[in-house]
>>> print(open('upload-v6.tsv').read())   # TSV, C-alpha atoms
chain	number	residue	atom	x	y	z
A	30	MET	CA	117.71	105.50	184.40
A	31	PRO	CA	117.40	109.17	185.47
A	32	ILE	CA	115.37	109.84	182.32
A	33	TYR	CA	112.79	107.30	183.55
A	34	ALA	CA	112.52	109.05	186.90
A	35	ILE	CA	112.27	112.48	185.29
A	36	THR	CA	109.63	111.28	182.82
A	37	MET	CA	107.53	109.69	185.57
A	38	LEU	CA	107.91	112.78	187.77
A	39	ALA	CA	106.58	114.86	184.88
A	40	ALA	CA	103.69	112.42	184.43
A	41	GLY	CA	102.94	112.67	188.15
A	42	ILE	CA	102.97	116.44	188.00
A	43	GLY	CA	100.61	116.28	185.05
A	44	ILE	CA	97.94	114.18	186.77
A	45	PRO	CA	96.61	116.90	189.14
A	46	VAL	CA	96.97	119.48	186.35
A	47	LEU	CA	94.93	117.18	184.08
A	48	ALA	CA	92.31	116.77	186.82
A	49	ALA	CA	92.00	120.50	187.47
A	50	MET	CA	91.94	121.45	183.79
A	51	ASN	CA	89.38	118.83	182.82
A	52	ALA	CA	87.21	119.66	185.83
A	53	ALA	CA	87.30	123.30	184.71
A	54	LEU	CA	86.38	122.23	181.16
A	55	GLY	CA	83.48	120.20	182.58
A	56	ARG	CA	82.24	123.25	184.51
A	57	SER	CA	82.67	125.44	181.42
A	58	LEU	CA	80.66	123.02	179.29
A	59	GLY	CA	78.17	122.26	182.05
A	60	ALA	CA	78.81	118.60	181.24
A	61	PRO	CA	81.67	116.84	183.07
A	62	MET	CA	81.22	113.59	181.16
A	63	LEU	CA	81.55	115.42	177.83
A	64	ALA	CA	84.77	116.99	179.12
A	65	GLY	CA	86.00	113.47	179.89
A	66	VAL	CA	85.14	112.32	176.37
A	67	VAL	CA	86.97	115.33	174.90
A	68	LEU	CA	90.03	114.55	177.05
A	69	ILE	CA	90.05	110.92	175.94
A	70	ALA	CA	89.59	111.92	172.28
A	71	VAL	CA	92.52	114.37	172.42
A	72	GLY	CA	94.57	111.73	174.23
A	73	LEU	CA	93.68	109.14	171.57
A	74	LEU	CA	94.76	111.50	168.81
A	75	THR	CA	98.02	112.32	170.58
A	76	ALA	CA	98.81	108.69	171.38
A	77	SER	CA	97.94	107.67	167.81
A	78	LEU	CA	100.39	110.18	166.39
A	79	VAL	CA	103.13	108.82	168.65
A	80	ALA	CA	102.20	105.19	167.86
A	81	ILE	CA	102.54	105.82	164.12
A	82	THR	CA	106.28	106.15	164.67
A	83	GLN	CA	106.44	102.48	165.73
A	84	GLY	CA	105.45	101.26	162.30
A	85	PRO	CA	102.74	98.88	161.10
A	86	SER	CA	104.24	95.70	162.57
A	87	ALA	CA	102.96	96.60	166.04
A	88	LEU	CA	99.46	97.13	164.65
A	89	VAL	CA	99.42	93.62	163.20
A	90	LYS	CA	100.14	92.18	166.66
A	91	LEU	CA	96.90	93.66	168.03
A	92	THR	CA	94.95	90.62	166.88
A	93	THR	CA	97.15	88.24	168.88
A	94	ALA	CA	97.44	90.33	172.05
A	95	PRO	CA	95.65	88.93	175.14
A	96	LYS	CA	92.16	90.43	175.02
A	97	HIS	CA	91.86	90.92	178.78
A	98	LEU	CA	94.67	93.49	178.62
A	99	PHE	CA	92.40	95.82	176.65
A	100	PHE	CA	90.44	96.34	179.89
A	101	ALA	CA	93.10	98.95	180.73
A	102	GLY	CA	91.20	101.29	178.41
A	103	VAL	CA	88.13	100.90	180.61
A	104	LEU	CA	90.27	101.79	183.64
A	105	LEU	CA	91.56	104.89	181.83
A	106	ALA	CA	88.02	106.00	181.00
A	107	PHE	CA	86.92	105.32	184.59
A	108	TYR	CA	89.76	107.44	185.96
A	109	VAL	CA	89.19	110.32	183.54
A	110	LEU	CA	85.42	110.39	183.97
A	111	SER	CA	85.51	110.00	187.76
A	112	ILE	CA	88.22	112.62	188.37
A	113	THR	CA	86.46	115.05	186.01
A	114	ALA	CA	83.14	114.66	187.81
A	115	ILE	CA	84.39	114.40	191.39
A	116	ALA	CA	87.32	116.85	191.61
A	117	PRO	CA	85.15	120.01	191.39
A	118	LYS	CA	82.94	118.77	194.25
A	119	PHE	CA	85.55	117.04	196.40
A	120	GLY	CA	88.63	119.13	195.61
A	121	VAL	CA	91.53	118.24	193.35
A	122	GLY	CA	93.79	117.61	196.36
A	123	ASN	CA	91.33	115.25	198.03
A	124	ALA	CA	90.63	113.40	194.79
A	125	ILE	CA	94.33	112.96	194.02
A	126	PHE	CA	94.97	111.90	197.64
A	127	PHE	CA	92.70	108.89	197.21
A	128	VAL	CA	94.09	108.20	193.73
A	129	LEU	CA	97.60	108.12	195.22
A	130	ILE	CA	96.58	105.79	198.03
A	131	GLY	CA	94.94	103.50	195.47
A	132	GLN	CA	98.08	103.62	193.33
A	133	LEU	CA	100.28	102.66	196.28
A	134	ILE	CA	98.07	99.67	197.10
A	135	SER	CA	97.73	98.40	193.54
A	136	ALA	CA	101.39	99.04	192.64
A	137	ALA	CA	102.52	97.03	195.68
A	138	ALA	CA	100.21	94.15	194.72
A	139	ILE	CA	101.27	94.21	191.05
A	140	ASP	CA	104.96	94.21	192.00
A	141	HIS	CA	104.60	91.59	194.73
A	142	PHE	CA	102.83	89.09	192.49
A	143	GLY	CA	104.49	90.15	189.22
A	144	LEU	CA	101.06	90.69	187.67
A	145	PHE	CA	100.69	91.44	183.95
A	146	GLY	CA	104.32	90.53	183.33
A	147	ALA	CA	105.69	93.17	185.72
A	148	GLN	CA	109.02	92.65	187.42
A	149	GLN	CA	108.34	90.75	190.65
A	150	ILE	CA	109.42	92.68	193.74
A	151	PRO	CA	108.35	90.97	196.97
A	152	LEU	CA	106.55	93.06	199.58
A	153	SER	CA	109.08	92.98	202.39
A	154	TRP	CA	108.54	94.59	205.78
A	155	THR	CA	110.91	97.37	204.72
A	156	ARG	CA	108.95	98.03	201.54
A	157	LEU	CA	105.62	97.86	203.38
A	158	SER	CA	106.96	100.35	205.93
A	159	GLY	CA	107.99	102.67	203.10
A	160	LEU	CA	104.53	102.44	201.53
A	161	ILE	CA	102.91	103.21	204.88
A	162	LEU	CA	105.24	106.20	205.31
A	163	MET	CA	104.37	107.42	201.82
A	164	ALA	CA	100.66	107.08	202.56
A	165	ALA	CA	101.13	108.92	205.85
A	166	GLY	CA	103.00	111.68	204.01
A	167	VAL	CA	100.19	112.04	201.48
A	168	LEU	CA	97.69	112.15	204.37
A	169	LEU	CA	99.74	114.84	206.15
A	170	THR	CA	99.70	117.03	203.04
A	171	GLN	CA	95.91	116.92	203.11
A	172	LYS	CA	95.71	117.76	206.82
A	173	ALA	CA	98.13	120.71	206.63
>>> encode(input="upload-v6.tsv", output="structure tokens")
Amino acid sequence: MPIYAITMLAAGIGIPVLAAMNAALGRSLGAPMLAGVVLIAVGLLTASLVAITQGPSALVKLTTAPKHLFFAGVLLAFYVLSITAIAPKFGVGNAIFFVLIGQLISAAAIDHFGLFGAQQIPLSWTRLSGLILMAAGVLLTQKA
């Protein structure tokens, strides 16, 4: 399981870098929304190249997949477009702070209720305390 932790740590490191780079691209273009579209297009190309390795059988299953799960693409676009437009005005640190708080809240709810087929992990007092401590730690980094 260490590879999972290392991979997710790398993804976490990449999120503020993504925000800063795309905000800079938006400033460079004078069009933050266009920068968001470019980011999504490059991401689509990259993800498509990786998906090709899974073979055509996965593609066939697209027609039978629950349609409401495709809404995740809307959430991706919302994140990319909002972070690209807001980070230059609000600061990358501040923007990511609120993203992290939102992630803590939604991750706890998804785990507690086992939403979308996720492993169900009840929100115990210990876990809630840990989430509060994490949120406090994120807040402290912004106040320092």
>>> closest_residue(input="upload-v6.tsv", among="A:Leu105, A:Ile44, A:Leu162, A:Ile150", to="Ile125 of chain A", atoms="all atoms listed in the file")
A:Ile44
>>> closest_residue(input="upload-v6.tsv", among="A:Met37, A:Leu104, A:Ala116, A:Leu168", to="Ala49 of chain A", atoms="all atoms listed in the file")
A:Ala116
>>> atom_distance(input="upload-v6.tsv", atom1="atom CA of Asn51 of chain A", atom2="atom CA of Lys118 of chain A")
13.1 Å
>>> residues_around(input="upload-v6.tsv", residues="Ala138 of chain A", least_positions_apart="5", cutoff="12 Å", atoms="all atoms listed in the file", output="compact mmCIF listing (two decimals) with C-alpha atoms, in the frame of the given file")
# COMPACT_ATOMS: atom_id res chain seq x y z
CA GLY A 131 94.94 103.50 195.47
CA GLN A 132 98.08 103.62 193.33
CA LEU A 133 100.28 102.66 196.28
CA GLY A 143 104.49 90.15 189.22
CA LEU A 144 101.06 90.69 187.67
CA PHE A 145 100.69 91.44 183.95
CA ALA A 147 105.69 93.17 185.72
CA GLN A 148 109.02 92.65 187.42
CA GLN A 149 108.34 90.75 190.65
CA ILE A 150 109.42 92.68 193.74
CA PRO A 151 108.35 90.97 196.97
CA LEU A 152 106.55 93.06 199.58
CA SER A 153 109.08 92.98 202.39
CA ARG A 156 108.95 98.03 201.54
CA LEU A 157 105.62 97.86 203.38
CA LEU A 160 104.53 102.44 201.53
>>> residues_around(input="upload-v6.tsv", residues="Leu129 of chain A", least_positions_apart="4", cutoff="12 Å", atoms="all atoms listed in the file", output="PyMOL selection string")
chain A and resi 41+44-45+121-125+133-136+160+163-168+171
